[in-house]
file run.cif (mmCIF, C-alpha atoms)
data_model
loop_
_atom_site.label_atom_id
_atom_site.label_comp_id
_atom_site.auth_asym_id
_atom_site.auth_seq_id
_atom_site.Cartn_x
_atom_site.Cartn_y
_atom_site.Cartn_z
CA MET A 1 84.01 102.06 114.80
CA GLU A 2 81.86 103.30 111.93
CA ARG A 3 81.02 100.63 109.36
CA LEU A 4 79.78 100.74 105.78
CA SER A 5 77.28 98.29 104.38
CA THR A 6 78.69 96.30 101.48
CA GLY A 7 75.35 96.53 99.70
CA ILE A 8 75.54 92.78 99.11
CA GLN A 9 72.55 90.94 100.50
CA GLY A 10 73.51 88.44 103.22
CA LEU A 11 77.17 89.51 103.54
CA ASP A 12 77.18 92.22 106.22
CA GLU A 13 76.05 89.84 108.95
CA LEU A 14 79.04 87.58 108.21
CA ILE A 15 81.59 90.38 108.78
CA GLY A 16 80.37 92.18 111.87
CA ASN A 17 77.71 94.36 110.21
CA GLY A 18 79.73 95.84 107.35
CA LEU A 19 83.24 97.01 106.49
CA PRO A 20 84.99 99.37 108.93
CA GLN A 21 85.53 102.84 107.51
CA SER A 22 89.05 103.52 106.13
CA TRP A 23 89.90 99.81 105.92
CA VAL A 24 91.58 98.13 102.97
CA VAL A 25 89.85 94.90 101.94
CA LEU A 26 91.01 92.42 99.30
CA ILE A 27 88.47 90.57 97.15
CA LYS A 28 90.10 87.62 95.41
CA GLY A 29 88.97 84.75 93.26
CA PRO A 30 89.32 83.04 89.86
CA PRO A 31 88.01 84.53 86.60
CA GLY A 32 84.23 84.67 86.46
CA SER A 33 83.76 84.41 90.22
CA GLY A 34 82.18 87.85 90.52
CA LYS A 35 85.00 90.04 91.82
CA THR A 36 84.18 93.04 89.64
CA THR A 37 80.46 92.58 90.31
CA PHE A 38 81.26 92.65 94.04
CA GLY A 39 83.25 95.86 93.66
CA LEU A 40 80.57 97.62 91.61
CA GLN A 41 77.80 96.57 94.01
CA PHE A 42 79.81 98.02 96.89
CA LEU A 43 80.24 101.30 95.02
CA CYS A 44 76.70 101.57 93.65
CA TYR A 45 75.17 100.93 97.05
CA GLY A 46 77.16 103.84 98.46
CA ALA A 47 76.43 106.09 95.48
CA ASN A 48 72.71 105.33 95.72
CA ASN A 49 72.94 106.55 99.31
CA ASN A 50 74.57 109.84 98.26
CA GLU A 51 78.19 108.82 98.87
CA HIS A 52 80.92 109.74 96.39
CA CYS A 53 82.56 106.63 94.95
CA ILE A 54 85.44 105.92 92.58
CA TYR A 55 86.06 102.85 90.43
CA ILE A 56 89.62 102.62 89.07
CA THR A 57 90.46 100.11 86.39
CA ILE A 58 94.10 99.30 85.69
CA GLY A 59 95.24 98.74 82.11
CA GLU A 60 91.70 98.29 80.82
CA PRO A 61 89.17 100.84 79.49
CA VAL A 62 86.30 101.70 81.82
CA SER A 63 83.92 100.80 79.00
CA HIS A 64 84.18 97.15 80.09
CA VAL A 65 81.87 97.91 83.04
CA GLU A 66 79.00 98.50 80.63
CA LYS A 67 78.23 94.77 80.64
CA TYR A 68 77.29 95.07 84.31
CA VAL A 69 74.25 97.20 83.50
CA ARG A 70 72.34 93.91 83.32
CA PHE A 71 72.27 94.01 87.12
CA ASN A 72 69.91 96.45 88.86
CA MET A 73 72.70 98.74 90.08
CA ASN A 74 71.56 102.02 88.49
CA LEU A 75 75.12 102.21 87.15
CA LYS A 76 74.62 104.54 84.19
CA ALA A 77 72.56 107.09 86.11
CA LEU A 78 75.04 107.18 88.98
CA VAL A 79 77.88 107.96 86.58
CA GLU A 80 75.85 110.63 84.77
CA ASP A 81 74.91 112.52 87.92
CA GLY A 82 78.47 112.43 89.30
CA ARG A 83 78.07 110.15 92.31
CA LEU A 84 80.17 107.41 90.71
CA LEU A 85 83.43 108.31 89.01
CA LEU A 86 85.02 105.83 86.58
CA VAL A 87 88.77 106.20 86.06
CA ASP A 88 91.06 104.15 83.84
CA THR A 89 94.84 104.23 84.18
CA LYS A 90 97.66 102.57 82.34
CA LEU A 91 99.77 99.91 84.02
CA ILE A 92 101.92 101.91 86.45
CA LYS A 93 103.96 101.38 89.58
CA LEU A 94 102.37 101.78 93.00
CA SER A 95 104.31 104.96 93.73
CA ASP A 96 102.79 106.62 90.64
CA LEU A 97 99.29 105.32 91.36
CA SER A 98 99.37 106.71 94.90
CA GLU A 99 99.73 110.25 93.54
CA ILE A 100 96.82 109.79 91.13
CA LEU A 101 94.65 108.34 93.89
CA LYS A 102 95.42 111.02 96.42
CA GLU A 103 94.50 113.77 93.99
CA ALA A 104 91.30 112.03 92.82
CA VAL A 105 90.07 111.10 96.30
CA ASP A 106 90.82 114.54 97.77
CA LYS A 107 89.16 116.35 94.88
CA TYR A 108 86.14 114.06 94.70
CA LYS A 109 85.76 113.54 98.48
CA ALA A 110 85.34 109.83 97.86
CA GLN A 111 84.06 107.55 100.60
CA ARG A 112 84.41 104.28 98.66
CA VAL A 113 87.19 103.34 96.24
CA VAL A 114 87.63 100.13 94.23
CA ILE A 115 90.83 99.25 92.35
CA ASP A 116 90.38 96.59 89.65
CA SER A 117 92.57 94.73 89.26
CA PHE A 118 95.34 95.01 91.78
CA SER A 119 96.91 91.88 90.29
CA SER A 120 97.91 93.91 87.24
CA LEU A 121 100.01 96.22 89.41
CA ILE A 122 101.63 93.40 91.34
CA SER A 123 102.66 91.69 88.11
CA LEU A 124 105.04 94.58 87.38
CA TYR A 125 107.32 93.58 90.25
CA SER A 126 109.84 90.76 89.97
CA ASP A 127 111.63 91.63 93.21
CA GLU A 128 109.58 90.87 96.33
CA ALA A 129 111.59 93.23 98.54
CA THR A 130 110.78 96.17 96.24
CA LEU A 131 107.14 95.15 96.09
CA ARG A 132 106.92 94.87 99.87
CA ARG A 133 108.44 98.32 100.35
CA GLU A 134 106.30 100.06 97.73
CA PHE A 135 103.13 98.26 98.81
CA SER A 136 103.75 99.27 102.42
CA ASP A 137 104.27 102.90 101.37
CA PHE A 138 101.14 102.72 99.22
CA LEU A 139 99.03 101.42 102.11
CA ASP A 140 100.43 104.09 104.43
CA MET A 141 99.37 106.77 101.95
CA ILE A 142 95.81 105.60 101.38
CA ARG A 143 95.20 104.94 105.08
CA GLN A 144 95.81 108.63 105.66
CA VAL A 145 92.51 109.21 103.86
CA GLU A 146 90.39 108.26 106.87
CA THR A 147 87.10 109.05 105.15
CA ALA A 148 87.51 106.41 102.43
CA THR A 149 87.09 102.63 102.50
CA TRP A 150 89.13 100.71 99.92
CA VAL A 151 88.47 97.49 98.03
CA PHE A 152 91.24 95.85 95.98
CA ILE A 153 90.30 93.20 93.43
CA GLU A 154 92.85 90.47 92.78
CA GLU A 155 93.02 87.26 90.78
CA GLU A 156 93.44 84.13 92.88
CA THR A 157 97.05 82.97 92.61
CA THR A 158 99.66 81.08 94.60
CA ARG A 159 102.42 83.56 93.76
CA ALA A 160 104.24 85.13 96.72
CA PRO A 161 103.14 88.70 95.86
CA SER A 162 99.50 87.64 96.24
CA ALA A 163 100.24 86.14 99.66
CA LEU A 164 102.00 89.39 100.57
CA SER A 165 99.00 91.57 99.73
CA GLU A 166 96.72 89.22 101.67
CA TYR A 167 98.97 89.52 104.69
CA MET A 168 99.19 93.33 104.66
CA VAL A 169 95.56 94.38 104.10
CA ASP A 170 92.88 94.61 106.80
CA GLY A 171 90.43 92.11 105.36
CA VAL A 172 90.28 89.32 102.78
CA ILE A 173 87.15 87.86 101.16
CA SER A 174 87.62 84.92 98.83
CA LEU A 175 85.20 83.95 96.05
CA SER A 176 85.60 80.44 94.70
CA TYR A 177 84.11 77.47 92.91
CA VAL A 178 83.62 74.54 95.27
CA LEU A 179 83.16 70.97 94.02
CA GLN A 180 80.04 69.29 95.40
CA GLY A 181 79.51 65.85 94.00
CA ASN A 182 79.66 66.17 90.21
CA GLN A 183 79.09 69.93 90.04
CA ARG A 184 80.68 73.14 91.24
CA VAL A 185 78.88 75.78 93.29
CA ARG A 186 79.97 79.26 94.27
CA GLY A 187 81.38 79.76 97.74
CA LEU A 188 82.29 82.93 99.68
CA GLU A 189 84.77 82.76 102.55
CA VAL A 190 85.80 85.56 104.90
CA LYS A 191 89.45 84.64 105.32
CA LYS A 192 90.40 87.68 107.37
CA MET A 193 88.66 90.69 108.93
CA ARG A 194 91.05 92.30 111.38
CA GLY A 195 89.58 93.09 114.79
CA SER A 196 86.09 91.87 113.83
CA ALA A 197 84.09 88.78 114.65
CA HIS A 198 83.35 87.07 111.33
CA SER A 199 82.17 83.79 109.89
CA ASN A 200 84.79 81.09 109.42
CA GLU A 201 82.64 79.01 107.10
CA ILE A 202 82.20 78.98 103.33
CA HIS A 203 78.78 80.28 102.31
CA LEU A 204 76.83 79.77 99.12
CA TYR A 205 76.42 82.81 96.87
CA GLU A 206 74.69 83.26 93.55
CA PHE A 207 74.07 85.92 90.92
CA GLU A 208 70.57 87.40 91.02
CA ASP A 209 68.98 90.42 89.31
CA ASP A 210 70.64 92.82 91.76
CA GLY A 211 74.06 91.14 91.52
CA ILE A 212 75.65 88.88 94.14
CA VAL A 213 73.46 87.46 96.89
CA VAL A 214 75.04 85.55 99.80
CA TYR A 215 73.08 82.91 101.72
CA PRO A 216 74.39 82.90 105.31
CA GLU A 217 72.51 79.74 106.27
CA GLU A 218 73.67 77.81 103.22
CA LYS A 219 77.11 76.32 103.93
CA VAL A 220 79.33 74.92 101.20
CA PHE A 221 81.52 71.86 101.76
CA GLU A 222 83.95 70.40 99.26
CA ILE A 223 83.15 66.71 98.81
#
call {"tool": "encode", "arguments": {"input": "run.cif", "output": "structure tokens"}}
result
Amino acid sequence: MERLSTGIQGLDELIGNGLPQSWVVLIKGPPGSGKTTFGLQFLCYGANNNEHCIYITIGEPVSHVEKYVRFNMNLKALVEDGRLLLVDTKLIKLSDLSEILKEAVDKYKAQRVVIDSFSSLISLYSDEATLRREFSDFLDMIRQVETATWVFIEEETTRAPSALSEYMVDGVISLSYVLQGNQRVRGLEVKKMRGSAHSNEIHLYEFEDDGIVVYPEEKVFEI
């Protein structure tokens, strides 16, 4: 099984040496935990290695990614030379998004795609049965694009739709704040990585000049 490096220092070794090609992986966590940074690092690493990558923002202008130029991701240059495509869409149902994605990925020959944030789409559904059906159809469609690996970004929530998306995707990585004594530290947990040996512990991560850095040997325990 071909795997793609996440481009995040210290993470690949925790998930079996990268993400399997064509998989759908959910990155979830509270505000400020680094979900968008994670997604952009994943894309920029691929684009810097001559892969075509797409970042799709839902209900928010793509201009908000400009604040991430503080990290050494080469973001602006990658967009200018066409290796990284930024797309913004209005808040739409999954059935409509699937058509937009299929056209964009086929035309652009994308190998990495990030959707930020998937929570915005899920919030449109009040009926879980409808959500389950449309989400299943949506996953079936994007999994037909065997050359692309997909990352969905989602806000941490206890709502049933969030649990549903976690259940149906191939992998789940959780970013969190963990209380240690009188302070909180950042912890990364691989909650699910279908068919792959992966860490079951919570690992310390921090923001450095290049973005997120994970420390495999540094375990985080809530005390």
call {"tool": "closest_residue", "arguments": {"input": "run.cif", "among": "A:Glu156, A:Glu80, A:Glu2, A:Asp106", "to": "A:Gly32", "atoms": "all atoms listed in the file"}}
result
A:Glu156
call {"tool": "resolve_selection", "arguments": {"input": "run.cif", "expression": "the PyMOL selection byres ((chain A and resi 188-202) around 9)", "output": "list of chain:residue names"}}
result
A:Glu13, A:Leu14, A:Ile15, A:Gly16, A:Leu19, A:Val25, A:Glu166, A:Val169, A:Asp170, A:Gly171, A:Val172, A:Ile173, A:Ser174, A:Leu175, A:Ser176, A:Tyr177, A:Arg186, A:Gly187, A:His203, A:Leu204, A:Tyr205, A:Val214, A:Pro216, A:Glu218, A:Lys219, A:Val220, A:Phe221
call {"tool": "atom_distance", "arguments": {"input": "run.cif", "atom1": "atom CA of A:Leu124", "atom2": "atom CA of A:Ile56"}}
result
17.5 Å
call {"tool": "atom_distance", "arguments": {"input": "run.cif", "atom1": "atom CA of A:Gln144", "atom2": "atom CA of A:Ser95"}}
result
15.1 Å
call {"tool": "residues_around", "arguments": {"input": "run.cif", "residues": "A:Leu85", "least_positions_apart": "5", "cutoff": "8 Å", "atoms": "all atoms listed in the file", "output": "ChimeraX atom specification"}}
result
/A:52-55,79
call {"tool": "closest_residue", "arguments": {"input": "run.cif", "among": "A:Gln41, A:Leu94, A:Lys76, A:Pro20", "to": "A:Arg133", "atoms": "only C-alpha atoms"}}
result
A:Leu94
call {"tool": "residues_around", "arguments": {"input": "run.cif", "residues": "A:Arg83", "least_positions_apart": "3", "cutoff": "12 Å", "atoms": "all atoms listed in the file", "output": "ChimeraX atom specification"}}
result
/A:43-55,74-80,86,108-112
call {"tool": "atom_distance", "arguments": {"input": "run.cif", "atom1": "atom CA of A:Val213", "atom2": "atom CA of A:Val185"}}
result
13.4 Å
call {"tool": "resolve_selection", "arguments": {"input": "run.cif", "expression": "the PyMOL selection byres ((chain A and resi 59) around 9)", "output": "PDB file with C-alpha atoms, keeping the file's coordinate frame"}}
result
ATOM      1  CA  THR A  57      90.460 100.110  86.390  1.00  0.00           C
ATOM      2  CA  ILE A  58      94.100  99.300  85.690  1.00  0.00           C
ATOM      3  CA  GLU A  60      91.700  98.290  80.820  1.00  0.00           C
ATOM      4  CA  PRO A  61      89.170 100.840  79.490  1.00  0.00           C
ATOM      5  CA  ASP A  88      91.060 104.150  83.840  1.00  0.00           C
ATOM      6  CA  THR A  89      94.840 104.230  84.180  1.00  0.00           C
ATOM      7  CA  LYS A  90      97.660 102.570  82.340  1.00  0.00           C
ATOM      8  CA  LEU A  91      99.770  99.910  84.020  1.00  0.00           C
ATOM      9  CA  ILE A  92     101.920 101.910  86.450  1.00  0.00           C
ATOM     10  CA  SER A 117      92.570  94.730  89.260  1.00  0.00           C
ATOM     11  CA  SER A 120      97.910  93.910  87.240  1.00  0.00           C
TER      12      SER A 120
END
call {"tool": "resolve_selection", "arguments": {"input": "run.cif", "expression": "the PyMOL selection byres ((chain A and resi 71) around 9)", "output": "list in words"}}
result
Thr37, Lys67, Tyr68, Val69, Arg70, Asn72, Met73, Asn74, Leu75, Glu208, Asp209, Asp210 and Gly211 of chain A
call {"tool": "closest_residue", "arguments": {"input": "run.cif", "among": "A:Glu154, A:Gln180, A:Lys102, A:Ile212", "to": "A:Pro30", "atoms": "only C-alpha atoms"}}
result
A:Glu154
call {"tool": "closest_residue", "arguments": {"input": "run.cif", "among": "A:Phe118, A:Tyr125, A:Phe138, A:Trp150", "to": "A:Asp96", "atoms": "all atoms listed in the file"}}
result
A:Phe138
